[in-house]
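Enquirer: Contents of input_31.txt (compact mmCIF, C-alpha atoms and all ligand atoms) are given next:
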```txt
# COMPACT_ATOMS: atom_id res chain seq x y z
CA MET A 1 88.55 146.83 120.74
CA LYS A 2 89.08 148.65 117.46
CA THR A 3 90.41 151.69 119.31
CA LEU A 4 92.57 149.53 121.55
CA THR A 5 93.98 147.64 118.55
CA PHE A 6 94.57 150.84 116.62
CA ASN A 7 96.36 152.43 119.58
CA LEU A 8 98.61 149.42 120.06
CA MET A 9 99.44 149.29 116.37
CA SER A 10 100.12 153.03 116.25
CA SER A 11 102.74 152.57 118.96
CA LEU A 12 104.30 149.39 117.61
CA ILE A 13 104.27 150.19 113.91
CA MET A 14 104.45 153.96 113.67
CA GLY A 15 105.75 154.88 117.10
CA ILE A 16 102.91 157.38 117.62
CA GLU A 17 102.08 157.65 121.30
CA GLN A 18 98.86 158.99 122.84
CA GLY A 19 97.70 162.51 121.94
CA SER A 20 96.51 164.62 119.06
CA LYS A 21 99.06 163.08 116.69
CA ARG A 22 97.13 159.81 117.04
CA ASP A 23 93.58 161.23 116.83
CA VAL A 24 93.86 162.35 113.21
CA PRO A 25 95.08 158.99 111.84
CA VAL A 26 92.32 157.13 113.81
CA LYS A 27 89.57 158.85 111.80
CA LEU A 28 91.46 158.60 108.52
CA PHE A 29 92.20 154.95 109.09
CA GLN A 30 88.52 154.22 109.77
CA GLN A 31 87.62 155.93 106.48
CA LEU A 32 90.26 153.94 104.65
CA MET A 33 88.97 150.63 106.09
CA GLU A 34 85.35 151.45 105.23
CA GLY A 35 86.23 151.72 101.56
CA LEU A 36 88.19 148.48 101.30
CA ILE A 37 85.07 146.46 100.55
CA SER A 38 82.97 148.94 98.63
CA VAL A 39 81.74 149.54 95.10
CA PRO A 40 84.80 150.93 93.30
CA ILE A 41 83.16 154.05 91.92
CA ASN A 42 85.43 157.04 92.33
CA LEU A 43 83.03 159.98 92.63
CA PRO A 44 83.29 162.75 95.28
CA PHE A 45 80.43 161.43 97.46
CA THR A 46 81.26 157.69 97.44
CA ARG A 47 82.75 155.63 100.24
CA PHE A 48 85.41 154.44 97.80
CA ASN A 49 86.44 158.03 97.07
CA ARG A 50 86.63 158.91 100.80
CA SER A 51 88.76 155.84 101.35
CA LEU A 52 91.20 156.81 98.58
CA GLN A 53 91.50 160.32 99.97
CA ALA A 54 92.05 159.02 103.50
CA SER A 55 94.69 156.62 102.17
CA GLU A 56 96.50 159.52 100.48
CA LYS A 57 96.52 161.54 103.73
CA ILE A 58 97.73 158.56 105.77
CA ARG A 59 100.57 158.07 103.29
CA GLU A 60 101.58 161.71 103.81
CA ILE A 61 101.50 161.27 107.61
CA VAL A 62 103.64 158.13 107.40
CA MET A 63 106.04 159.87 105.02
CA ASP A 64 106.46 162.73 107.54
CA LEU A 65 107.09 160.18 110.27
CA ILE A 66 109.76 158.52 108.12
CA ARG A 67 111.55 161.87 107.71
CA GLU A 68 111.38 162.55 111.47
CA LYS A 69 112.62 159.11 112.34
CA ARG A 70 115.46 159.24 109.85
CA VAL A 71 116.73 162.46 111.45
CA ALA A 72 116.36 160.90 114.91
CA LEU A 73 118.32 157.82 113.78
CA ASP A 74 121.04 159.99 112.21
CA HIS A 75 121.39 161.91 115.49
CA GLN A 76 121.28 158.65 117.44
CA ASN A 77 118.12 159.75 119.22
CA ALA A 78 116.24 156.61 118.19
CA SER A 79 116.78 152.89 118.49
CA PRO A 80 116.24 150.67 115.42
CA GLN A 81 113.99 148.45 117.54
CA GLN A 82 111.61 151.14 118.79
CA ASP A 83 108.92 150.67 116.11
CA LEU A 84 108.44 149.02 112.73
CA ILE A 85 109.13 152.14 110.67
CA THR A 86 112.41 152.86 112.45
CA SER A 87 113.31 149.21 112.11
CA LEU A 88 112.64 149.19 108.34
CA LEU A 89 114.56 152.46 107.98
CA SER A 90 117.57 150.84 109.64
CA LEU A 91 117.64 147.84 107.29
CA ARG A 92 120.74 147.61 105.08
CA ASN A 93 121.43 145.34 102.13
CA ASP A 94 124.65 143.38 101.42
CA HIS A 95 126.33 146.55 100.08
CA ASN A 96 125.45 148.43 103.28
CA SER A 97 123.06 150.78 101.47
CA VAL A 98 119.43 151.43 102.36
CA ALA A 99 117.36 148.27 101.76
CA LEU A 100 113.90 149.79 101.29
CA SER A 101 112.73 152.97 99.61
CA ASP A 102 110.49 155.37 101.55
CA GLU A 103 107.55 154.29 99.36
CA GLU A 104 108.17 150.65 100.26
CA ILE A 105 108.27 151.48 103.96
CA VAL A 106 104.95 153.36 103.68
CA ASP A 107 103.40 150.40 101.81
CA ASN A 108 104.62 147.91 104.42
CA ALA A 109 103.48 150.00 107.39
CA ILE A 110 99.99 150.49 105.93
CA ILE A 111 99.52 146.86 104.85
CA ILE A 112 100.46 145.68 108.36
CA MET A 113 98.00 148.18 109.88
CA ILE A 114 95.24 146.94 107.57
CA GLY A 115 96.13 143.25 108.03
CA GLY A 116 96.28 143.42 111.81
CA HIS A 117 93.43 145.78 112.62
CA ASP A 118 90.06 144.11 112.01
CA THR A 119 91.47 140.61 112.53
CA SER A 120 92.84 141.34 116.01
CA SER A 121 89.96 143.59 117.14
CA ILE A 122 87.30 141.06 116.07
CA LEU A 123 89.18 138.20 117.73
CA LEU A 124 89.50 140.21 120.98
CA THR A 125 85.79 141.12 120.86
CA PHE A 126 84.74 137.46 120.56
CA LEU A 127 87.23 136.48 123.23
CA ILE A 128 85.81 138.98 125.75
CA ARG A 129 82.25 138.00 124.79
CA LEU A 130 83.01 134.33 125.36
CA LEU A 131 84.70 135.04 128.69
CA ALA A 132 81.69 137.10 129.83
CA LYS A 133 79.00 134.69 128.62
CA ASP A 134 80.46 131.30 129.37
CA PRO A 135 81.57 130.79 132.99
CA SER A 136 83.30 127.51 132.12
CA VAL A 137 85.60 129.30 129.63
CA TYR A 138 86.35 131.99 132.22
CA ALA A 139 87.04 129.32 134.86
CA GLY A 140 89.33 127.51 132.40
CA VAL A 141 91.37 130.67 131.77
CA VAL A 142 91.66 131.42 135.50
CA GLN A 143 92.68 127.82 136.16
CA GLY A 144 95.27 127.96 133.36
CA ARG A 145 96.70 131.14 134.84
CA GLN A 146 96.90 129.60 138.30
CA LEU A 147 98.60 126.56 136.82
CA ASN A 148 101.15 128.79 135.07
CA GLU A 149 101.85 130.70 138.25
CA TYR A 150 102.27 127.41 140.12
CA LYS A 151 104.70 126.19 137.44
CA LYS A 152 106.67 129.45 137.62
CA ASP A 153 106.88 129.17 141.44
CA GLN A 154 108.11 125.60 141.09
CA MET A 155 110.80 126.72 138.66
CA ILE A 156 111.96 129.44 141.06
CA VAL A 157 112.05 126.97 143.98
CA ASN A 158 113.99 124.41 141.90
C1 LIG A 201 93.32 136.91 114.52
C2 LIG A 201 94.21 137.54 113.84
C3 LIG A 201 94.51 137.29 112.36
C4 LIG A 201 93.91 136.46 111.46
C5 LIG A 201 92.73 135.54 111.65
C6 LIG A 201 94.63 136.64 110.21
C7 LIG A 201 94.34 135.98 109.03
C8 LIG A 201 95.03 136.10 107.87
C9 LIG A 201 94.79 135.37 106.66
C10 LIG A 201 93.70 134.30 106.49
C11 LIG A 201 95.66 135.77 105.74
C12 LIG A 201 95.77 135.32 104.30
C13 LIG A 201 96.81 134.24 104.18
C14 LIG A 201 96.92 133.76 102.76
O1 LIG A 201 95.91 133.73 102.05
O2 LIG A 201 98.02 133.44 102.35
C15 LIG A 201 96.48 136.80 106.34
C16 LIG A 201 97.50 137.47 105.71
C17 LIG A 201 98.18 138.50 106.25
N1 LIG A 201 98.10 138.96 107.53
FE1 LIG A 201 96.91 138.22 108.94
N2 LIG A 201 95.61 137.57 110.39
C18 LIG A 201 95.57 137.99 111.68
C19 LIG A 201 96.39 138.92 112.29
C20 LIG A 201 97.31 139.66 111.62
C21 LIG A 201 98.14 140.70 112.23
C22 LIG A 201 98.10 141.06 113.73
C23 LIG A 201 98.91 141.21 111.25
C24 LIG A 201 99.94 142.30 111.30
C25 LIG A 201 100.39 142.87 112.37
C26 LIG A 201 98.58 140.52 110.02
C27 LIG A 201 99.15 140.78 108.80
C28 LIG A 201 98.93 140.04 107.67
C29 LIG A 201 99.60 140.29 106.40
C30 LIG A 201 100.63 141.38 106.12
C31 LIG A 201 99.13 139.32 105.51
C32 LIG A 201 99.53 139.16 104.07
C33 LIG A 201 100.63 138.17 104.00
C34 LIG A 201 101.07 137.92 102.57
O3 LIG A 201 100.25 137.93 101.68
O4 LIG A 201 102.26 137.72 102.39
N3 LIG A 201 97.61 139.61 110.29
N4 LIG A 201 96.09 136.98 107.64
```
What do you get writing this file as structure tokens?
Expert:
Amino acid sequence: MKTLTFNLMSSLIMGIEQGSKRDVPVKLFQQLMEGLISVPINLPFTRFNRSLQASEKIREIVMDLIREKRVALDHQNASPQQDLITSLLSLRNDHNSVALSDEEIVDNAIIIMIGGHDTSSILLTFLIRLLAKDPSVYAGVVQGRQLNEYKKDQMIVN
């Protein structure tokens, strides 16, 4: 579920699709997350230190993506809605100048990745566990789906 969540977020936030470009950030992001709740001692062998280093590398990756996406936007090879970074890059203020600095875009992209990762992956894990362990929950979901399909059919008929 962590991998699934990370992959979805990579596409939606950073616009990184499957492949080697996504494998590097996966590992770095795991290192970053591991250090979020750790003893804040910054020595070369500590989890905290590894997390800071990973964070620095992720910032560089996101910065590179920002540069790529800006060029793509300038050449009209990208749509402002394709991912969060492109969307933030396209934001303009009242004077029609750029609304967010590159640093602010990096901060926003990373905070959303951190905020959405463990929360969504843990929720999905418990959801699947509950569906697998409790037949009444599974039956309820199936029934709800059938009811929705029935309602949709009714709307089409009417
Ligand atoms: C089951 C899923 C989630 C749960 C249980 C959850 C829970 C929370 C909680 C309790 C807070 C703190 C609110 C506060 O103290 O004011 C929070 C804040 C936040 N969450 Fe989530 N969250 C979930 C999913 C997500 C996702 C998917 C994202 C992003 C894509 C996200 C991004 C954020 C951000 C950016 C904040 C900080 C907001 C702020 O301080 O202005 N969260 N979340």
Enquirer: Given the choices A:Gln82, A:Gln31, A:Ser55, A:Ser11, which gets closest to ligand LIG 201 (chain A) if the distance is worked out from all atoms listed in the file?
Expert: A:Ser11
Enquirer: Find the residue from A:Ala132, A:Leu100, A:Ile110, A:Leu36 that sits nearest to ligand LIG 201 (chain A); use all atoms listed in the file when measuring.
Expert: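 The shortest atom-to-atom distance to ligand LIG 201 (chain A) comes from A:Ile110.
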Enquirer: Could you jot down the atom CA of Ile13 of chain A to atom CA of Lys69 of chain A separation for me, Å, one decimal place?
Expert: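 Value for the atom CA of Ile13 of chain A-atom CA of Lys69 of chain A distance: 12.3 Å.
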Enquirer: Residues within 9 Å of ligand LIG 201 (chain A) (all atoms listed in the file), as a list in words?
Expert: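 Written in the requested form, the residues are Met9, Ile13, Asn108, Ile111, Ile112, Met113, Ile114, Gly115, Gly116, His117, Asp118, Thr119, Ser120, Ser121, Ile122, Leu123 and Leu124 of chain A.
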Enquirer: In Å, rounded to a single decimal, give me how far atom CA of Asp102 of chain A is from atom CA of Met63 of chain A.
Expert: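 It comes out at 7.2 Å.
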Enquirer: Restricting the calculation to only C-alpha atoms: of A:Leu8, A:Leu131, A:Leu89, A:Leu52, which residue gets closest to Ser38 of chain A?
Expert: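 Once distances to Ser38 of chain A are computed over only C-alpha atoms, the minimum belongs to A:Leu52.
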Enquirer: Have a look at atom CA of Ile128 of chain A and atom CA of Leu84 of chain A and let me know their distance in Å, one decimal.
Expert: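 Atom CA of Leu84 of chain A lies 28.0 Å from atom CA of Ile128 of chain A.
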Enquirer: Export segment 108-140 of chain A of the preceding structure, keeping N, CA, C and O atoms, as a PDB file, in the first residue's frame.
Expert:
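Just written: selection-v6.pdb:
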```pdb
ATOM      1  N   ASN A 108       5.777  22.950  -0.921  1.00  0.00           N
ATOM      2  CA  ASN A 108       4.388  22.481  -1.008  1.00  0.00           C
ATOM      3  C   ASN A 108       4.303  21.045  -1.510  1.00  0.00           C
ATOM      4  O   ASN A 108       3.536  20.242  -0.973  1.00  0.00           O
ATOM      5  N   ALA A 109       5.094  20.738  -2.554  1.00  0.00           N
ATOM      6  CA  ALA A 109       5.055  19.383  -3.120  1.00  0.00           C
ATOM      7  C   ALA A 109       5.494  18.365  -2.052  1.00  0.00           C
ATOM      8  O   ALA A 109       4.857  17.326  -1.877  1.00  0.00           O
ATOM      9  N   ILE A 110       6.547  18.677  -1.314  1.00  0.00           N
ATOM     10  CA  ILE A 110       7.060  17.711  -0.333  1.00  0.00           C
ATOM     11  C   ILE A 110       6.101  17.575   0.859  1.00  0.00           C
ATOM     12  O   ILE A 110       5.843  16.457   1.322  1.00  0.00           O
ATOM     13  N   ILE A 111       5.524  18.672   1.306  1.00  0.00           N
ATOM     14  CA  ILE A 111       4.614  18.584   2.460  1.00  0.00           C
ATOM     15  C   ILE A 111       3.367  17.769   2.101  1.00  0.00           C
ATOM     16  O   ILE A 111       2.840  16.995   2.905  1.00  0.00           O
ATOM     17  N   ILE A 112       2.907  17.910   0.854  1.00  0.00           N
ATOM     18  CA  ILE A 112       1.733  17.123   0.424  1.00  0.00           C
ATOM     19  C   ILE A 112       2.111  15.643   0.341  1.00  0.00           C
ATOM     20  O   ILE A 112       1.330  14.763   0.734  1.00  0.00           O
ATOM     21  N   MET A 113       3.320  15.362  -0.162  1.00  0.00           N
ATOM     22  CA  MET A 113       3.777  13.957  -0.226  1.00  0.00           C
ATOM     23  C   MET A 113       3.822  13.370   1.193  1.00  0.00           C
ATOM     24  O   MET A 113       3.365  12.256   1.425  1.00  0.00           O
ATOM     25  N   ILE A 114       4.384  14.123   2.135  1.00  0.00           N
ATOM     26  CA  ILE A 114       4.517  13.619   3.503  1.00  0.00           C
ATOM     27  C   ILE A 114       3.127  13.467   4.142  1.00  0.00           C
ATOM     28  O   ILE A 114       2.820  12.439   4.739  1.00  0.00           O
ATOM     29  N   GLY A 115       2.278  14.515   3.961  1.00  0.00           N
ATOM     30  CA  GLY A 115       0.950  14.492   4.574  1.00  0.00           C
ATOM     31  C   GLY A 115       0.087  13.359   4.055  1.00  0.00           C
ATOM     32  O   GLY A 115      -0.690  12.767   4.799  1.00  0.00           O
ATOM     33  N   GLY A 116       0.194  13.052   2.770  1.00  0.00           N
ATOM     34  CA  GLY A 116      -0.705  12.077   2.169  1.00  0.00           C
ATOM     35  C   GLY A 116      -0.203  10.652   2.180  1.00  0.00           C
ATOM     36  O   GLY A 116      -0.975   9.721   1.942  1.00  0.00           O
ATOM     37  N   HIS A 117       1.078  10.442   2.467  1.00  0.00           N
ATOM     38  CA  HIS A 117       1.644   9.113   2.260  1.00  0.00           C
ATOM     39  C   HIS A 117       1.233   8.094   3.319  1.00  0.00           C
ATOM     40  O   HIS A 117       0.442   7.187   3.057  1.00  0.00           O
ATOM     41  N   ASP A 118       1.708   8.255   4.545  1.00  0.00           N
ATOM     42  CA  ASP A 118       1.397   7.262   5.584  1.00  0.00           C
ATOM     43  C   ASP A 118      -0.096   7.218   5.896  1.00  0.00           C
ATOM     44  O   ASP A 118      -0.655   6.148   6.097  1.00  0.00           O
ATOM     45  N   THR A 119      -0.734   8.410   5.916  1.00  0.00           N
ATOM     46  CA  THR A 119      -2.171   8.449   6.209  1.00  0.00           C
ATOM     47  C   THR A 119      -2.951   7.568   5.222  1.00  0.00           C
ATOM     48  O   THR A 119      -3.687   6.671   5.641  1.00  0.00           O
ATOM     49  N   SER A 120      -2.755   7.796   3.933  1.00  0.00           N
ATOM     50  CA  SER A 120      -3.531   7.054   2.934  1.00  0.00           C
ATOM     51  C   SER A 120      -3.139   5.587   2.909  1.00  0.00           C
ATOM     52  O   SER A 120      -4.007   4.708   2.815  1.00  0.00           O
ATOM     53  N   SER A 121      -1.825   5.285   3.019  1.00  0.00           N
ATOM     54  CA  SER A 121      -1.418   3.876   2.910  1.00  0.00           C
ATOM     55  C   SER A 121      -1.889   3.073   4.127  1.00  0.00           C
ATOM     56  O   SER A 121      -2.311   1.925   3.982  1.00  0.00           O
ATOM     57  N   ILE A 122      -1.889   3.689   5.310  1.00  0.00           N
ATOM     58  CA  ILE A 122      -2.368   2.973   6.498  1.00  0.00           C
ATOM     59  C   ILE A 122      -3.879   2.750   6.414  1.00  0.00           C
ATOM     60  O   ILE A 122      -4.389   1.657   6.683  1.00  0.00           O
ATOM     61  N   LEU A 123      -4.593   3.789   5.975  1.00  0.00           N
ATOM     62  CA  LEU A 123      -6.050   3.655   5.829  1.00  0.00           C
ATOM     63  C   LEU A 123      -6.393   2.540   4.842  1.00  0.00           C
ATOM     64  O   LEU A 123      -7.238   1.688   5.120  1.00  0.00           O
ATOM     65  N   LEU A 124      -5.687   2.505   3.698  1.00  0.00           N
ATOM     66  CA  LEU A 124      -5.950   1.469   2.689  1.00  0.00           C
ATOM     67  C   LEU A 124      -5.633   0.085   3.237  1.00  0.00           C
ATOM     68  O   LEU A 124      -6.355  -0.879   2.979  1.00  0.00           O
ATOM     69  N   THR A 125      -4.540  -0.013   4.028  1.00  0.00           N
ATOM     70  CA  THR A 125      -4.165  -1.314   4.601  1.00  0.00           C
ATOM     71  C   THR A 125      -5.275  -1.828   5.524  1.00  0.00           C
ATOM     72  O   THR A 125      -5.697  -2.986   5.417  1.00  0.00           O
ATOM     73  N   PHE A 126      -5.772  -0.954   6.404  1.00  0.00           N
ATOM     74  CA  PHE A 126      -6.842  -1.385   7.318  1.00  0.00           C
ATOM     75  C   PHE A 126      -8.123  -1.708   6.558  1.00  0.00           C
ATOM     76  O   PHE A 126      -8.855  -2.630   6.920  1.00  0.00           O
ATOM     77  N   LEU A 127      -8.373  -0.935   5.510  1.00  0.00           N
ATOM     78  CA  LEU A 127      -9.568  -1.175   4.705  1.00  0.00           C
ATOM     79  C   LEU A 127      -9.531  -2.567   4.085  1.00  0.00           C
ATOM     80  O   LEU A 127     -10.497  -3.339   4.186  1.00  0.00           O
ATOM     81  N   ILE A 128      -8.386  -2.926   3.472  1.00  0.00           N
ATOM     82  CA  ILE A 128      -8.260  -4.238   2.821  1.00  0.00           C
ATOM     83  C   ILE A 128      -8.335  -5.349   3.878  1.00  0.00           C
ATOM     84  O   ILE A 128      -8.982  -6.386   3.687  1.00  0.00           O
ATOM     85  N   ARG A 129      -7.705  -5.098   5.036  1.00  0.00           N
ATOM     86  CA  ARG A 129      -7.724  -6.091   6.113  1.00  0.00           C
ATOM     87  C   ARG A 129      -9.164  -6.346   6.573  1.00  0.00           C
ATOM     88  O   ARG A 129      -9.584  -7.492   6.739  1.00  0.00           O
ATOM     89  N   LEU A 130      -9.902  -5.271   6.740  1.00  0.00           N
ATOM     90  CA  LEU A 130     -11.286  -5.392   7.200  1.00  0.00           C
ATOM     91  C   LEU A 130     -12.137  -6.123   6.159  1.00  0.00           C
ATOM     92  O   LEU A 130     -12.944  -6.990   6.491  1.00  0.00           O
ATOM     93  N   LEU A 131     -11.924  -5.790   4.896  1.00  0.00           N
ATOM     94  CA  LEU A 131     -12.685  -6.447   3.822  1.00  0.00           C
ATOM     95  C   LEU A 131     -12.386  -7.941   3.784  1.00  0.00           C
ATOM     96  O   LEU A 131     -13.267  -8.767   3.545  1.00  0.00           O
ATOM     97  N   ALA A 132     -11.095  -8.294   4.039  1.00  0.00           N
ATOM     98  CA  ALA A 132     -10.693  -9.704   3.971  1.00  0.00           C
ATOM     99  C   ALA A 132     -11.173 -10.477   5.204  1.00  0.00           C
ATOM    100  O   ALA A 132     -11.542 -11.649   5.107  1.00  0.00           O
ATOM    101  N   LYS A 133     -11.196  -9.831   6.356  1.00  0.00           N
ATOM    102  CA  LYS A 133     -11.469 -10.552   7.609  1.00  0.00           C
ATOM    103  C   LYS A 133     -12.939 -10.569   7.988  1.00  0.00           C
ATOM    104  O   LYS A 133     -13.365 -11.459   8.716  1.00  0.00           O
ATOM    105  N   ASP A 134     -13.675  -9.583   7.548  1.00  0.00           N
ATOM    106  CA  ASP A 134     -15.066  -9.493   8.001  1.00  0.00           C
ATOM    107  C   ASP A 134     -16.024  -9.602   6.813  1.00  0.00           C
ATOM    108  O   ASP A 134     -16.228  -8.639   6.078  1.00  0.00           O
ATOM    109  N   PRO A 135     -16.599 -10.795   6.613  1.00  0.00           N
ATOM    110  CA  PRO A 135     -17.468 -10.999   5.446  1.00  0.00           C
ATOM    111  C   PRO A 135     -18.645 -10.022   5.401  1.00  0.00           C
ATOM    112  O   PRO A 135     -19.102  -9.649   4.331  1.00  0.00           O
ATOM    113  N   SER A 136     -19.122  -9.583   6.587  1.00  0.00           N
ATOM    114  CA  SER A 136     -20.288  -8.691   6.572  1.00  0.00           C
ATOM    115  C   SER A 136     -19.909  -7.322   5.981  1.00  0.00           C
ATOM    116  O   SER A 136     -20.713  -6.684   5.294  1.00  0.00           O
ATOM    117  N   VAL A 137     -18.657  -6.881   6.240  1.00  0.00           N
ATOM    118  CA  VAL A 137     -18.202  -5.604   5.670  1.00  0.00           C
ATOM    119  C   VAL A 137     -18.098  -5.746   4.149  1.00  0.00           C
ATOM    120  O   VAL A 137     -18.575  -4.897   3.389  1.00  0.00           O
ATOM    121  N   TYR A 138     -17.480  -6.876   3.730  1.00  0.00           N
ATOM    122  CA  TYR A 138     -17.337  -7.134   2.293  1.00  0.00           C
ATOM    123  C   TYR A 138     -18.715  -7.159   1.621  1.00  0.00           C
ATOM    124  O   TYR A 138     -18.940  -6.503   0.600  1.00  0.00           O
ATOM    125  N   ALA A 139     -19.657  -7.905   2.268  1.00  0.00           N
ATOM    126  CA  ALA A 139     -21.005  -8.002   1.686  1.00  0.00           C
ATOM    127  C   ALA A 139     -21.636  -6.613   1.607  1.00  0.00           C
ATOM    128  O   ALA A 139     -22.301  -6.278   0.615  1.00  0.00           O
ATOM    129  N   GLY A 140     -21.417  -5.796   2.621  1.00  0.00           N
ATOM    130  CA  GLY A 140     -21.976  -4.440   2.637  1.00  0.00           C
ATOM    131  C   GLY A 140     -21.454  -3.611   1.476  1.00  0.00           C
ATOM    132  O   GLY A 140     -22.206  -2.894   0.824  1.00  0.00           O
TER     133      GLY A 140
END
```
